[in-house]
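**Student:** There's a structure below that I have some questions on.
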Amino acid sequence: MKSNTIVLLDEKRVFKPSVETVERAHVKNWENEIEKGKDFEKYWEEKAEDIDWFQKWDKVLDESNKPFYKWFVNGKTNLTHNAVDRWINTEKRNKVAILYVNERGDEKKLTYYELYREVNKMANALKNLGVKKGETVSMYLPMCPELIISLLACTKIGAVHSVVYSGLSVGAFVERMNNAKVKVLITADGTYRRGKIIDLKKISDEAMLQCPTVETVVVVKHTQNEIKMSELSGKEIFYDRLVEGEPAECECEPMDAEDPLFLLYTSGSTGKPKGIVHTTGGYMVGVSTTLKNIFDIQPDDLYWCTADIGWITGHSYVIYGPLLLGTTTLVYEGAPDYPDPGAWWKIVEKYGVTKFYTAPTAIRHLMRFGDRYPNIYNISSLRILGTVGEPINPEAWIWYYKNIGKEKTPIMDTWWQTETGMHMIAPLPSADLKPGSATKPVPGVSADVVDEKGNPVPLGTGGHLVITKPWPAMFRTLYEDEEKYKNVYWNDIPGVYKAGDMARKDKDGYFWIQGRSDDVLKIAGHRIGTSEVESAFGSHPAVVEAAVIGKADPVKGEVIKAFLILKEGYQLKTKLIEELKEHIRYELGPVAVIGELEKVDSLPKTRSGKIMRRILRARDKGEDVGDTSTLEE
Ligand code: WTA
């Protein structure tokens with residue numbers, strides 16, 4: 001168990017929803033909706049009616065081959081049809097679908113009709129490149145309209161997309177590309193970050209030297225980092241050239257509910273990153289229902305989720321959820337504090353954002369600048385706020401509630417994972433809230449807190465967070481690794497999904513998530529596995545072996561602390577420290593924030609050679625190291 005993230009909160013405050021919030025809400029009584037969701041197959045079947053199906057399902061849930069569940073068996077549909085095409089013949093045709101804004105103040109709007117045309121052109125272009133149903137296309141792109149268009153073009157023709165977060169660097173990038181055997185990569189000349197342009201093409205060029213399956217690289221001209229045509233290699237083509245002259249009509253590929261939709265790599269506690277496989281039908285039902293109810297999406301909303309599309313939050317709740325509901329989604333490229341810490345509130349005021357969804361780390365960061373910045377702007381358009389990615393400490397919750405929500409806007413603390421695809425533990429706007437608690441499982445979802453054997457623990461006691469019934473947006477397997485899928489998630493505690501988090505439940509049935517139980521770090525809400533960081537250190541010539549733990553950080557939640565065995569003759573002095581930091585940045589990217597490095601002569605290991613990070617964590621905090629009977633040296 002990772003002890004540094006376990007804080008047994010004793011938070012007693014309860015915040016009731018305002019009358020206006022409840023009156024406006026789709027779901028006016030949270031507890032009633034939870035009751036309805038207990039008959040979960042019926043509940044999700046009803047919700048599936050909100051999606052257009054080309055052919056209806058024969059059966060809602062097939063549990064005959066656990067844990068390989070199937071939802072909406074034999075149903076046929078298409079995500080792009082539901083997210084874009086179906087709105088063209090409604091009053092939403094000329095409504096803004098995507099409002100792109102960046103830190104320079106540039107803005108681009110795409111209506112549903114414009115998006116429809118752009119997606120069709122790109123879908124036709126991908127077909128011309130030879131991309132077929134079931135083949136993988138990867139994106140290494142900033143937050144930009146072309147990224148969204150490309151994803152929807154893939155789902156239109158049944159290609160599987162695999163986005164690599166643009167904050168990851170060469171090593172992590174190559175690993176993800178090669179595992180997925182990617183045929184086409186879409187990248188850009190750069191991304192804007194704090195007044196600078198980060199050259200994504202350069203990183204992608206280096207990665208491509210090691211990615212033999214890629215046949216075509218499409219380059220989006222996004223920044224002023226102008227790349228000339230003459231600089232492109234034979235397999236590279238500019239995006240605008242590629243789509244030029246393509247027809248603006250393209251038929252949707254009829255997809256089986258269980259056809260793969262996308263891959264998204266995420267870090268686990270051991271080995272290489274895992275390719276999480278999501279499928280078509282259930283994902284749409286789960287994501288659209290949760291967004292509609294939790295953020296109470298209404299026709300006049302302007303919805304903004306600040307997550308990057310390179311992570312699951314961006315997939316489910318920047319693009320797919322909002323577009324499936326026909327709402328306007330604001331897509332922002334830039335940092336929260338550039339050009340100043342009022343940047344986000346300025347956008348809220350300018351566009352009249354009504355729903356705002358971000359990460360606790362961003363709130364903690366902005367909190368440091370006090371209430372001055374939010375007070376400069378009129379942000380009274382906000383009606384619902386959300387958080388995701390890591391536990392929110394009550395102090396940050398209260399700051400967010402007071403200074404951004406002005407004590408009238410409820411905060412939806414949403415617990416979920418790349419694997420779950422959709423919100424799993426979260427309130428609805430009509431719920432009573434307790435700062436720091438994600439409240440209860442969403443209607444239609446069942447969760448519990450259990451011991452190692454799967455027995456529920458007494459209320460108030462910490463245990464493993466498990467999901468006890470299948471849910472529609474669940475991942476279906478790990479890419480080409482069914483064994484690992486079973487072993488990591490389903491076999492440890494039989495019959496239930498083990499989330500890898502510790503939690504406790506209070507007397508009112510509210511869940512308090514305490515942090516990961518495994519060796520996964522959460523750095524500024526980004527998920528990164530210790531083993532991935534260790535192998536990146538290990539590939540530096542000065543390092544013999546590395547062990548990595550998370551160290552608590554007041555803003556980022558956790559940062560990396562590495563214990564290093566160095567080769568003979570190397571000292572951990574300024575020059576090497578800088579070099580190691582640069583090396584990790586090159587291999588993994590800026591997400592891997594290093595807090596501290598320590599030179600050691602040996603590492604605590606079990607007899608079978610596994611690093612005992614528990615001991616390192618205890619030692620680091622000056623605590624008793626506990627049971628060391630399995631320690632080898
Ligand atoms: C953590 C992000 C507490 C948790 C959507 C989980 C949270 C991991 C919350 C998944 C929350 C996410 N409260 N912890 N509201 N939301 N987590 O796959 O440890 O990047 O297992 O998905 O983030 O991270 P992932």
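Chain labels follow the order of the structure tokens: the first chain is A, the next B, and so on; residue numbering restarts at 1 in every chain, and ligands are counted from 1 in their shown order.
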Assign secondary structure with DSSP using the backbone only, and return the residues of region 302-429 of chain A in strand (DSSP E) as a ChimeraX atom specification.
**Tutor:** /A:302-305,328-333,355-358,384-388,411-414
**Student:** So that I can see what lies close to region 495-505 of chain A, please list as a ChimeraX atom specification the residues with an atom at most 10 Å from it, counting only C-alpha atoms and leaving out residues fewer than 5 positions away in the same chain.
**Tutor:** /A:1-2,5-9,66-67,268-269,416-417,419-420,437,439-440,447-450,454,457-470,486,488-490,510-520
**Student:** From the list A:Pro260, A:Gly538, A:Gly245, A:Pro142, which residue is nearest Gly310 (chain A) when using only C-alpha atoms?
**Tutor:**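 Ranked by minimum distance to Gly310 (chain A), first place goes to A:Pro142.
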**Student:** Can you pull out the residues contacting Glu246 (chain A)? Cut-off 12 Å, using only C-alpha atoms, and skip same-chain residues under 5 positions away; I want them as a PyMOL selection string.
**Tutor:** chain A and resi 117-128+239-241
**Student:** Just write the chosen residues, C-alpha atoms, as a PDB file, in the first residue's frame.
**Tutor:**
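This went into out-v2.pdb:
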```
ATOM      1  CA  ARG A 117     -17.738  18.387 -43.605  1.00  0.00           C
ATOM      2  CA  GLU A 118     -14.220  18.420 -42.192  1.00  0.00           C
ATOM      3  CA  VAL A 119     -14.609  14.972 -40.667  1.00  0.00           C
ATOM      4  CA  ASN A 120     -15.879  13.554 -43.945  1.00  0.00           C
ATOM      5  CA  LYS A 121     -12.953  14.979 -45.890  1.00  0.00           C
ATOM      6  CA  MET A 122     -10.477  13.529 -43.446  1.00  0.00           C
ATOM      7  CA  ALA A 123     -12.288  10.195 -43.370  1.00  0.00           C
ATOM      8  CA  ASN A 124     -12.049   9.991 -47.162  1.00  0.00           C
ATOM      9  CA  ALA A 125      -8.397  10.988 -47.023  1.00  0.00           C
ATOM     10  CA  LEU A 126      -7.621   8.264 -44.490  1.00  0.00           C
ATOM     11  CA  LYS A 127      -9.323   5.720 -46.711  1.00  0.00           C
ATOM     12  CA  ASN A 128      -7.158   6.898 -49.590  1.00  0.00           C
ATOM     13  CA  TYR A 239      -2.755  17.796 -43.462  1.00  0.00           C
ATOM     14  CA  ASP A 240      -4.232  20.574 -45.602  1.00  0.00           C
ATOM     15  CA  ARG A 241      -2.758  18.977 -48.733  1.00  0.00           C
TER      16      ARG A 241
END
```
**Student:** For a test of reading the model, state the distance in Å between CA of Tyr373 (chain A) and CA of Gly342 (chain A), rounded to one decimal.
**Tutor:**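 These two atoms are separated by 4.8 Å.
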**Student:** Kindly indicate which residue among A:Leu576, A:Val331, A:Val591, A:Ile392 lies nearest to ligand 1, using only C-alpha atoms and all ligand atoms for the distances.
**Tutor:**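 The answer is A:Ile392, which sits nearest to ligand 1.
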**Student:** Closest to ligand 1 among A:Pro427, A:Gly626, A:Gly130, A:Pro410, using only C-alpha atoms and all ligand atoms?
**Tutor:** A:Pro427
**Student:** One number please: CA of Leu115 (chain A) to CA of Asn74 (chain A), in Å, one decimal.
**Tutor:**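 Taking CA of Leu115 (chain A) as the start and CA of Asn74 (chain A) as the end point, the length is 29.1 Å.
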